[in-house]
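Raw contents of input.tsv, TSV, C-alpha atoms:
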```tsv
chain	number	residue	atom	x	y	z
A	7	MET	CA	0.00	0.00	0.00
A	8	VAL	CA	1.60	3.24	-1.09
A	9	ILE	CA	-0.17	6.53	-0.72
A	10	GLU	CA	1.19	8.69	-3.51
A	11	GLN	CA	2.55	12.10	-2.56
A	12	PRO	CA	0.53	12.52	0.63
A	13	THR	CA	-0.23	16.04	1.73
A	14	ILE	CA	0.42	16.71	5.37
A	15	SER	CA	-1.51	19.59	6.89
A	16	ILE	CA	-0.85	21.15	10.28
A	17	ARG	CA	-3.71	20.69	12.73
A	18	PRO	CA	-3.47	20.93	16.52
A	19	GLN	CA	-4.84	17.90	18.33
A	20	HIS	CA	-8.11	18.87	19.98
A	21	ALA	CA	-9.88	16.61	22.47
A	22	ILE	CA	-12.18	13.98	20.96
A	23	ALA	CA	-15.67	13.68	22.42
A	24	SER	CA	-15.84	9.90	22.18
A	25	ALA	CA	-13.59	7.33	23.85
A	26	PRO	CA	-11.07	5.44	21.74
A	27	PHE	CA	-12.09	1.89	20.80
A	28	ASP	CA	-8.47	0.72	20.76
A	29	ARG	CA	-5.06	1.86	21.96
A	30	TRP	CA	-1.50	0.89	21.17
A	31	ARG	CA	0.72	0.98	24.22
A	32	SER	CA	4.47	0.77	24.57
A	33	PRO	CA	6.01	-1.94	26.81
A	34	ASP	CA	6.23	0.83	29.45
A	35	GLY	CA	2.48	1.44	29.26
A	36	ASP	CA	2.69	4.76	27.41
A	37	THR	CA	0.04	5.42	24.78
A	38	ILE	CA	1.50	5.26	21.27
A	39	ALA	CA	-1.75	5.54	19.33
A	40	GLU	CA	-5.47	5.86	19.94
A	41	PHE	CA	-8.17	4.69	17.55
A	42	TYR	CA	-11.49	6.51	17.31
A	43	ARG	CA	-14.56	5.81	15.25
A	44	LEU	CA	-15.98	8.99	13.75
A	45	ASP	CA	-18.79	9.45	11.24
A	46	GLY	CA	-17.77	7.05	8.44
A	47	ARG	CA	-14.09	7.46	9.29
A	48	TYR	CA	-11.41	6.20	11.59
A	49	LEU	CA	-9.27	8.72	13.41
A	50	ILE	CA	-5.85	7.38	14.40
A	51	ARG	CA	-4.18	9.71	16.87
A	52	PHE	CA	-0.50	9.55	17.75
A	53	PRO	CA	-0.56	11.90	20.75
A	54	GLY	CA	1.58	14.99	20.28
A	55	ARG	CA	2.67	13.89	16.83
A	56	ALA	CA	-0.04	13.37	14.21
A	57	ASP	CA	-3.64	12.51	13.40
A	58	PHE	CA	-4.67	10.36	10.44
A	59	GLU	CA	-8.23	10.18	9.20
A	60	VAL	CA	-9.07	7.07	7.20
A	61	GLU	CA	-12.32	6.89	5.22
A	62	ALA	CA	-13.94	3.60	6.24
A	63	ALA	CA	-15.26	2.84	2.74
A	64	SER	CA	-12.45	3.98	0.44
A	65	LEU	CA	-9.58	3.84	2.96
A	66	ALA	CA	-8.43	7.23	1.68
A	67	VAL	CA	-6.08	8.83	4.18
A	68	SER	CA	-5.76	12.44	5.31
A	69	CYS	CA	-2.66	13.35	7.33
A	70	PHE	CA	-2.39	16.04	9.97
A	71	ALA	CA	0.83	16.84	11.83
A	72	ALA	CA	0.16	18.10	15.34
A	73	ALA	CA	2.63	20.97	14.87
A	74	GLU	CA	4.98	22.31	12.21
A	75	ASP	CA	7.96	20.47	13.65
A	76	MET	CA	6.02	17.19	13.50
A	77	GLU	CA	5.74	16.94	9.71
A	78	GLY	CA	8.66	14.52	9.47
A	79	ALA	CA	7.26	12.42	12.29
A	80	ALA	CA	3.85	12.40	10.59
A	81	MET	CA	5.39	11.24	7.33
A	82	ALA	CA	7.29	8.44	9.11
A	83	LEU	CA	4.11	7.36	10.92
A	84	LEU	CA	2.22	7.36	7.64
A	85	HIS	CA	4.75	4.99	6.04
A	86	ASN	CA	5.58	2.88	9.10
A	87	ALA	CA	2.21	2.52	10.78
A	88	VAL	CA	-0.78	3.81	8.82
A	89	GLU	CA	0.04	2.35	5.39
A	90	PRO	CA	0.72	-1.17	6.75
A	91	MET	CA	-2.44	-0.92	8.84
A	92	ILE	CA	-4.47	-0.14	5.74
A	93	GLY	CA	-2.61	-2.87	3.85
A	94	ASN	CA	-3.60	-5.50	6.42
A	95	HIS	CA	-7.15	-4.15	6.47
A	96	SER	CA	-7.21	-4.67	2.67
A	97	GLY	CA	-6.08	-8.28	2.87
A	98	ARG	CA	-2.32	-7.95	2.64
A	99	LEU	CA	0.27	-9.06	5.18
A	100	HIS	CA	2.45	-6.54	6.96
A	101	LEU	CA	4.30	-7.12	10.19
A	102	HIS	CA	6.08	-4.68	12.47
A	103	GLY	CA	9.78	-5.28	12.03
A	104	SER	CA	12.91	-4.89	9.95
A	105	ALA	CA	14.48	-7.13	7.31
A	106	VAL	CA	17.80	-7.60	5.57
A	107	ALA	CA	19.08	-9.75	2.70
A	108	VAL	CA	21.73	-12.37	3.39
A	109	ASP	CA	23.04	-13.84	0.13
A	110	GLY	CA	19.75	-13.06	-1.59
A	111	THR	CA	17.49	-14.44	1.15
A	112	GLY	CA	15.47	-12.19	3.41
A	113	ILE	CA	15.61	-12.54	7.16
A	114	ALA	CA	13.17	-10.53	9.18
A	115	PHE	CA	13.27	-9.25	12.75
A	116	ALA	CA	9.96	-8.78	14.54
A	117	GLY	CA	9.70	-7.36	18.00
A	118	LEU	CA	8.32	-4.79	20.33
A	119	SER	CA	9.33	-1.15	20.09
A	120	ARG	CA	12.89	-0.38	21.15
A	121	ARG	CA	13.99	-4.00	20.93
A	122	GLY	CA	16.66	-3.02	18.39
A	123	LYS	CA	15.07	-3.91	15.05
A	124	THR	CA	16.43	-0.90	13.19
A	125	THR	CA	19.86	-1.05	14.83
A	126	LEU	CA	20.07	-4.69	13.78
A	127	ALA	CA	19.12	-3.86	10.18
A	128	ALA	CA	21.64	-1.00	10.12
A	129	SER	CA	24.36	-3.22	11.58
A	130	PHE	CA	23.73	-5.84	8.91
A	131	ALA	CA	23.92	-3.15	6.25
A	132	ARG	CA	27.18	-1.79	7.67
A	133	ALA	CA	28.53	-5.35	7.45
A	134	GLY	CA	27.60	-5.45	3.76
A	135	TYR	CA	24.19	-7.17	3.92
A	136	PRO	CA	21.64	-4.88	2.25
A	137	PHE	CA	18.64	-3.82	4.30
A	138	LEU	CA	15.11	-4.16	2.95
A	139	THR	CA	13.08	-2.32	5.52
A	140	GLU	CA	13.49	-0.81	8.95
A	141	ASP	CA	9.95	-0.93	10.33
A	142	VAL	CA	7.44	-2.70	8.08
A	143	ILE	CA	7.84	-6.25	6.80
A	144	ALA	CA	5.62	-6.36	3.69
A	145	LEU	CA	5.08	-10.00	2.67
A	146	THR	CA	3.59	-11.56	-0.43
A	147	LYS	CA	2.66	-15.24	-0.55
A	148	ARG	CA	3.81	-17.12	-3.61
A	149	GLU	CA	2.05	-20.02	-5.29
A	150	ASP	CA	4.42	-22.53	-3.67
A	151	GLY	CA	3.43	-21.26	-0.20
A	152	THR	CA	6.68	-19.41	0.43
A	153	TYR	CA	6.88	-15.66	0.88
A	154	LEU	CA	8.63	-12.69	-0.66
A	155	VAL	CA	9.66	-9.76	1.49
A	156	ALA	CA	9.50	-6.41	-0.29
A	157	PRO	CA	11.88	-3.50	0.04
A	158	ALA	CA	10.46	-0.39	1.68
A	159	ARG	CA	11.94	3.09	1.77
A	160	PRO	CA	15.73	3.28	1.25
A	161	SER	CA	16.42	4.95	4.57
A	162	LEU	CA	16.77	4.07	8.23
A	163	ARG	CA	15.79	6.09	11.27
A	164	LEU	CA	18.35	5.65	14.02
A	165	PHE	CA	18.70	6.94	17.53
A	166	SER	CA	21.81	9.09	17.94
A	167	ASP	CA	23.64	6.49	20.05
A	168	SER	CA	23.15	3.84	17.35
A	169	GLU	CA	24.17	6.28	14.64
A	170	GLU	CA	27.31	7.22	16.53
A	171	GLN	CA	28.29	3.61	17.09
A	172	LEU	CA	27.62	2.55	13.51
A	173	PHE	CA	28.97	5.58	11.66
A	174	GLY	CA	31.26	7.22	14.17
A	175	GLU	CA	29.23	10.40	14.34
A	176	ALA	CA	25.76	11.63	15.16
A	177	ALA	CA	23.82	14.75	14.37
A	178	ALA	CA	24.53	17.33	17.04
A	179	CYS	CA	20.86	18.27	17.27
A	180	ALA	CA	19.67	14.74	17.92
A	181	GLY	CA	18.87	13.95	21.50
A	182	THR	CA	18.80	10.41	22.80
A	183	ASP	CA	15.04	10.20	22.23
A	184	ALA	CA	15.16	11.55	18.69
A	185	LYS	CA	15.64	9.45	15.58
A	186	ARG	CA	17.40	10.77	12.53
A	187	GLU	CA	16.73	9.52	9.03
A	188	ILE	CA	19.80	8.19	7.23
A	189	ASP	CA	19.58	7.44	3.52
A	190	ALA	CA	20.93	4.27	1.95
A	191	SER	CA	24.44	4.68	0.57
A	192	ARG	CA	27.58	2.74	-0.28
A	193	LEU	CA	28.13	2.44	3.48
A	194	LEU	CA	24.51	1.49	4.08
A	195	PRO	CA	23.45	-0.75	1.16
A	196	PHE	CA	19.78	-1.19	0.34
A	197	ALA	CA	18.15	-4.19	-1.39
A	198	ASN	CA	15.88	-2.62	-3.98
A	199	ALA	CA	14.08	-5.77	-5.13
A	200	PRO	CA	11.95	-8.36	-3.29
A	201	VAL	CA	13.74	-11.47	-2.00
A	202	PRO	CA	12.45	-14.82	-0.71
A	203	LEU	CA	11.82	-14.82	3.02
A	204	GLY	CA	14.12	-17.27	4.78
A	205	GLY	CA	13.00	-16.85	8.37
A	206	ILE	CA	11.59	-14.57	11.01
A	207	TYR	CA	13.51	-13.86	14.19
A	208	ILE	CA	11.47	-12.60	17.14
A	209	LEU	CA	13.56	-10.27	19.27
A	210	GLY	CA	13.82	-10.85	23.00
A	211	PRO	CA	14.54	-8.20	25.64
A	212	GLY	CA	18.33	-8.55	25.65
A	213	GLU	CA	18.54	-10.06	29.11
A	214	CYS	CA	21.19	-12.60	28.14
A	215	GLU	CA	24.97	-12.82	27.90
A	216	ALA	CA	25.36	-14.32	24.43
A	217	LEU	CA	23.58	-14.78	21.13
A	218	THR	CA	20.74	-17.27	21.50
A	219	ILE	CA	18.56	-18.54	18.66
A	220	GLU	CA	15.82	-21.06	19.39
A	221	PRO	CA	13.22	-22.47	17.00
A	222	VAL	CA	9.64	-21.49	17.77
A	223	SER	CA	6.75	-23.88	17.14
A	224	SER	CA	4.21	-22.89	14.52
A	225	GLN	CA	1.61	-22.38	17.23
A	226	ASP	CA	3.80	-20.07	19.29
A	227	ALA	CA	4.93	-18.30	16.14
A	228	LEU	CA	1.31	-17.56	15.25
A	229	ALA	CA	0.71	-15.92	18.62
A	230	GLU	CA	3.91	-13.88	18.24
A	231	LEU	CA	3.18	-12.84	14.67
A	232	MET	CA	-0.31	-11.63	15.56
A	233	GLN	CA	1.25	-9.41	18.22
A	234	HIS	CA	3.37	-7.71	15.60
A	235	ALA	CA	0.61	-7.09	13.09
A	236	PHE	CA	-0.91	-3.71	12.28
A	237	ILE	CA	-4.64	-3.85	12.90
A	238	LEU	CA	-6.82	-0.87	11.97
A	239	ASP	CA	-10.05	-2.11	13.53
A	240	VAL	CA	-9.81	-4.70	16.29
A	241	GLU	CA	-13.62	-4.90	16.37
A	242	ASP	CA	-13.94	-5.91	12.71
A	243	LYS	CA	-14.18	-9.65	13.32
A	244	PRO	CA	-14.31	-10.87	9.70
A	245	ARG	CA	-11.16	-8.93	8.85
A	246	LEU	CA	-9.45	-10.01	12.05
A	247	GLN	CA	-10.31	-13.63	11.29
A	248	ALA	CA	-8.90	-13.26	7.78
A	249	HIS	CA	-5.72	-11.75	9.16
A	250	PHE	CA	-5.46	-14.58	11.70
A	251	SER	CA	-5.70	-17.00	8.79
A	252	ARG	CA	-2.95	-15.21	6.84
A	253	CYS	CA	-0.69	-15.19	9.91
A	254	SER	CA	-1.44	-18.90	10.42
A	255	ASP	CA	-0.29	-19.64	6.87
A	256	LEU	CA	2.86	-17.61	7.45
A	257	ALA	CA	3.59	-19.43	10.72
A	258	LEU	CA	3.11	-22.78	9.00
A	259	HIS	CA	5.32	-22.06	6.01
A	260	THR	CA	8.10	-19.97	7.53
A	261	ARG	CA	10.77	-20.86	10.05
A	262	CYS	CA	10.48	-18.69	13.14
A	263	TYR	CA	13.05	-18.29	15.89
A	264	ARG	CA	13.29	-16.60	19.22
A	265	LEU	CA	16.39	-14.39	19.08
A	266	ASP	CA	18.15	-12.67	21.91
A	267	TYR	CA	21.55	-11.11	22.37
A	268	PRO	CA	23.18	-8.64	24.72
A	269	ARG	CA	22.53	-5.04	23.62
A	270	ASP	CA	26.21	-4.20	23.52
A	271	TYR	CA	27.42	-2.23	20.51
A	272	ASP	CA	30.89	-3.75	20.79
A	273	ALA	CA	29.39	-7.23	20.44
A	274	LEU	CA	27.24	-6.37	17.40
A	275	PRO	CA	29.76	-7.51	14.74
A	276	GLN	CA	29.88	-10.97	16.32
A	277	ILE	CA	26.09	-11.01	16.64
A	278	ILE	CA	25.72	-10.16	12.95
A	279	ASP	CA	28.25	-12.85	11.98
A	280	GLY	CA	26.43	-15.42	14.10
A	281	LEU	CA	23.02	-14.52	12.73
A	282	ALA	CA	24.21	-14.51	9.11
A	283	ARG	CA	25.82	-17.92	9.67
A	284	HIS	CA	22.60	-19.23	11.19
A	285	ALA	CA	20.56	-17.93	8.24
A	286	ARG	CA	22.93	-19.60	5.77
A	287	GLU	CA	22.93	-22.91	7.66
A	288	GLU	CA	19.13	-22.96	7.81
A	289	ARG	CA	18.91	-22.28	4.09
A	290	THR	CA	21.44	-25.02	3.37
A	291	GLY	CA	19.34	-27.35	5.51
A	292	ASP	CA	16.22	-26.42	3.54
A	293	GLU	CA	17.96	-27.05	0.23
A	294	SER	CA	19.22	-30.49	1.28
A	295	GLU	CA	15.79	-31.62	2.56
B	24	MET	CA	-18.50	-27.95	37.46
B	25	LYS	CA	-21.26	-30.51	36.91
B	26	ALA	CA	-21.71	-33.10	34.20
B	27	SER	CA	-25.00	-31.45	33.29
B	28	ASP	CA	-23.39	-28.01	32.73
B	29	ILE	CA	-23.79	-26.69	29.20
B	30	LEU	CA	-20.85	-25.20	27.30
B	31	THR	CA	-21.20	-22.74	24.42
B	32	ALA	CA	-18.33	-21.60	22.19
B	33	SER	CA	-17.75	-17.85	22.33
B	34	GLU	CA	-18.58	-15.87	19.21
B	35	ASP	CA	-15.32	-14.01	19.85
B	36	ALA	CA	-13.25	-17.17	19.38
B	37	ILE	CA	-11.57	-18.07	16.11
B	38	ALA	CA	-9.69	-21.28	15.46
B	39	ARG	CA	-7.11	-22.51	13.01
B	40	GLU	CA	-5.15	-25.74	12.78
B	41	VAL	CA	-1.45	-24.97	12.86
B	42	GLY	CA	1.25	-27.61	12.93
B	43	GLY	CA	-0.98	-30.39	14.26
B	44	GLU	CA	-2.58	-28.30	16.98
B	45	LEU	CA	-5.70	-26.21	16.96
B	46	VAL	CA	-4.89	-22.64	17.97
B	47	LEU	CA	-7.75	-20.58	19.37
B	48	MET	CA	-7.67	-16.83	19.60
B	49	HIS	CA	-10.08	-14.67	21.53
B	50	LEU	CA	-10.73	-11.68	19.28
B	51	ALA	CA	-11.55	-9.19	22.00
B	52	SER	CA	-8.73	-9.99	24.41
B	53	GLY	CA	-6.16	-11.24	21.88
B	54	THR	CA	-5.33	-14.27	24.03
B	55	TYR	CA	-4.29	-17.57	22.48
B	56	PHE	CA	-4.94	-21.14	23.45
B	57	GLY	CA	-3.54	-24.33	21.92
B	58	LEU	CA	-5.53	-27.55	21.79
B	59	ASN	CA	-4.27	-31.09	21.22
B	60	ALA	CA	-6.20	-33.68	19.20
B	61	VAL	CA	-8.78	-34.35	21.93
B	62	GLY	CA	-9.20	-30.66	22.65
B	63	ALA	CA	-9.55	-29.95	18.93
B	64	ARG	CA	-12.32	-32.55	18.66
B	65	ILE	CA	-14.09	-30.99	21.64
B	66	TRP	CA	-13.85	-27.58	20.01
B	67	GLN	CA	-15.23	-29.02	16.78
B	68	LEU	CA	-18.23	-30.35	18.73
B	69	LEU	CA	-18.71	-27.00	20.47
B	70	GLU	CA	-18.56	-25.13	17.18
B	71	ALA	CA	-21.38	-27.35	15.92
B	72	GLY	CA	-23.56	-26.35	18.87
B	73	GLU	CA	-23.70	-26.14	22.62
B	74	GLN	CA	-22.79	-29.31	24.48
B	75	SER	CA	-23.15	-30.65	28.00
B	76	LEU	CA	-20.01	-31.87	29.73
B	77	ALA	CA	-21.59	-35.31	29.97
B	78	GLY	CA	-22.36	-35.30	26.25
B	79	LEU	CA	-18.80	-34.32	25.39
B	80	CYS	CA	-17.47	-37.13	27.60
B	81	ARG	CA	-19.74	-39.69	25.96
B	82	THR	CA	-18.51	-38.73	22.49
B	83	ILE	CA	-14.83	-38.59	23.40
B	84	VAL	CA	-14.94	-41.95	25.21
B	85	THR	CA	-16.14	-43.59	22.01
B	86	GLU	CA	-13.54	-41.89	19.81
B	87	PHE	CA	-10.35	-41.95	21.91
B	88	ASP	CA	-8.60	-44.80	23.65
B	89	ALA	CA	-8.47	-43.67	27.28
B	90	PRO	CA	-10.27	-44.62	30.52
B	91	ALA	CA	-13.59	-42.82	31.03
B	92	ASP	CA	-12.57	-41.34	34.38
B	93	VAL	CA	-9.42	-39.84	32.85
B	94	ILE	CA	-11.41	-38.36	29.98
B	95	GLU	CA	-14.00	-36.88	32.35
B	96	HIS	CA	-11.27	-35.31	34.46
B	97	ASP	CA	-9.42	-33.91	31.46
B	98	ILE	CA	-12.55	-32.51	29.82
B	99	ALA	CA	-13.59	-30.78	33.03
B	100	ALA	CA	-10.11	-29.26	33.34
B	101	LEU	CA	-10.16	-28.12	29.71
B	102	ALA	CA	-13.64	-26.64	30.11
B	103	GLY	CA	-12.38	-24.67	33.10
B	104	ASP	CA	-9.42	-23.35	31.12
B	105	LEU	CA	-11.58	-22.40	28.14
B	106	GLU	CA	-14.03	-20.63	30.42
B	107	GLU	CA	-11.20	-18.77	32.15
B	108	HIS	CA	-9.97	-17.55	28.75
B	109	GLU	CA	-13.54	-16.55	27.80
B	110	LEU	CA	-13.48	-18.96	24.88
B	111	VAL	CA	-16.62	-20.71	26.16
B	112	THR	CA	-19.50	-19.75	28.41
B	113	ARG	CA	-21.01	-22.20	30.86
B	114	ARG	CA	-24.50	-22.41	32.27
B	115	ALA	CA	-26.25	-24.92	34.48
B	116	GLY	CA	-28.09	-27.65	32.58
B	117	SER	CA	-31.17	-29.51	33.64
```
Is it possible to express this structure as structure tokens?
Amino acid sequence: MVIEQPTISIRPQHAIASAPFDRWRSPDGDTIAEFYRLDGRYLIRFPGRADFEVEAASLAVSCFAAAEDMEGAAMALLHNAVEPMIGNHSGRLHLHGSAVAVDGTGIAFAGLSRRGKTTLAASFARAGYPFLTEDVIALTKREDGTYLVAPARPSLRLFSDSEEQLFGEAAACAGTDAKREIDASRLLPFANAPVPLGGIYILGPGECEALTIEPVSSQDALAELMQHAFILDVEDKPRLQAHFSRCSDLALHTRCYRLDYPRDYDALPQIIDGLARHAREERTGDESE
Amino acid sequence: MKASDILTASEDAIAREVGGELVLMHLASGTYFGLNAVGARIWQLLEAGEQSLAGLCRTIVTEFDAPADVIEHDIAALAGDLEEHELVTRRAGS
């Protein structure tokens, strides 16, 4: 789902008379987004950042930044949250996560916010493995039951500490809570064509001392994958059921792993080596079966 | 829980067979529940219409090779779990 040349208007966020029918919360309990049902429209509010109005029938989107300095944030939210939400609502399959290409095979990283998905994608890219996406895993099922993962925008949004560690410098204006967009380059290669999906790694909290990768059963994978989906209307049961079915197919036909590693920048090169080796070994195993 | 109690599958529950297990999801709460072969058969019966615990036991005893008292115990435990996860509702039967 790509919304061509969206126009972002500035509109302060006024109080809404009705209560939200759904909320996204961070692991810390903070509200990330609120979902309201208005007259024939959905209003998706990212408090302090942006509002998006989605026509229920046509799914046309109107974008409103909460302030002038929120236009960039509104654009990022449009691409990384609203578009995949509308895609899933329309019958496609988008998951929250990043993906990279290892020898032409996509490996995806799903996980909660701030689990390190983008840093992992950027670290792979710095090691020469092109990144496909930093925040939205857009999947297409092929006739043989396997999946393709599509490239998204050729840029990554990194926190300043990650940027400094990966590139040796960070924008002076970026605070620790601000992300800066970094375009793909020779130092940050981007995969500009879809690749077959080799596996999905579900990121743990980092409470470990070494790289750990454990297979996840299809049943557990389904529960995990549903957690990382973008759902526009949690009360739309037919659509939710259809999305459950698509995630079930994905869990059945894709290897899923629980991944954890210490969040230590100095250890990242070894983590990337270990993960790339694991991805290659799994693919070799698939080919010999 | 009594043998005469009636169980009804929740309209908020959806099910899908995944890797040899039936996975249930409660749409409103987003909770998941995995069922083995016996549990999957029980869910199939519940999806067809409300069932008493005694009726479920009678069917399962004829279809699975296990002692009746074990089946009764296991079905009662499963019914309790499903009720706790709001995947079924239970009411007193006659």
Interface rows for chain A against chain B: nearest pair, Å to one decimal, 9 Å, all atoms listed in the file, as CSV:
```
residue,atom,partner,partner_atom,distance
A:Ser223,CA,B:Gly42,CA,7.9
A:Ser224,CA,B:Gly42,CA,5.8
A:Gln225,CA,B:Val41,CA,5.9
A:Asp226,CA,B:Gly57,CA,8.9
A:Leu228,CA,B:Val41,CA,8.3
A:Ala229,CA,B:Tyr55,CA,6.5
A:Met232,CA,B:Gly53,CA,8.6
A:Gln233,CA,B:Gly53,CA,8.5
A:Val240,CA,B:Ala51,CA,7.5
A:Glu241,CA,B:Ala51,CA,7.4
A:Lys243,CA,B:Leu50,CA,7.2
A:Leu246,CA,B:Leu50,CA,7.5
A:Gln247,CA,B:Ile37,CA,6.7
A:Phe250,CA,B:Arg39,CA,8.2
A:Ser251,CA,B:Arg39,CA,7.1
A:Ser254,CA,B:Val41,CA,6.5
A:Asp255,CA,B:Val41,CA,8.1
A:Ala257,CA,B:Val41,CA,7.8
A:Leu258,CA,B:Val41,CA,6.4
```
Between CA of Ile94 (chain B) and CA of Ala77 (chain B), what is the spacing in Å?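 The value is 10.6 Å.
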Identify the residues within 12 Å of coordinate (-12.8, -42.8, 30.1) (same frame as the file), considering all atoms listed in the file, and give the answer as a PyMOL selection string. chain B and resi 77+79-98
In Å to one decimal, how far is CA of Gly204 (chain A) from CA of Gly112 (chain A)?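 Atom-to-atom, CA of Gly112 (chain A) and CA of Gly204 (chain A) are spaced 5.4 Å apart.
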Find the residues near Leu126 (chain A): any atom within 12 Å, counting all atoms listed in the file, skip ones fewer than 3 places away on the same chain, and give them as an MDAnalysis selection string. chainID A and resid 103:106 113:117 120:123 129:133 135:141 162:164 168:169 172 207 209 265:267 269:271 273:279 281:282
Go ahead and compute the interatomic distance for CA of Leu256 (chain A) and CA of Ala156 (chain A), in Å to one decimal.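 Those two atoms sit 15.1 Å apart.
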I'd like to know which of A:Leu65, A:Cys253, A:Ile92, A:Ala197 is closest to Tyr153 (chain A), using all atoms listed in the file. A:Cys253
Looking at A:Leu101, A:Val142, A:Ala82, A:Val108, which one is nearest to Thr124 (chain A), with distances taken over all atoms listed in the file?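 Closest candidate: A:Val142.
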Give me the residues within 7 Å of region 65-73 of chain B as a list in words, counting only C-alpha atoms and dropping any in the same chain fewer than 4 places off.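 In the requested format, the answer is Ile29, Leu30, Thr31, Ala32, Val61 and Leu79 of chain B.
For the residues B:Ser33, B:Gly62, B:Ala26, B:Gly78, ranking by smallest atom-to-atom distance to Glu109 (chain B) using only C-alpha atoms places B:Ser33 first.
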Once 3 Å is added on each side, what are the centre and the three edge lengths, in Å to one decimal, of the axis-aligned box enclosing the listed atoms of region 63-71 of chain B? Present them as AutoDock Vina command-line options.
```
--center_x -15.5 --center_y -28.8 --center_z 18.8 --size_x 17.8 --size_y 13.4 --size_z 11.7
```
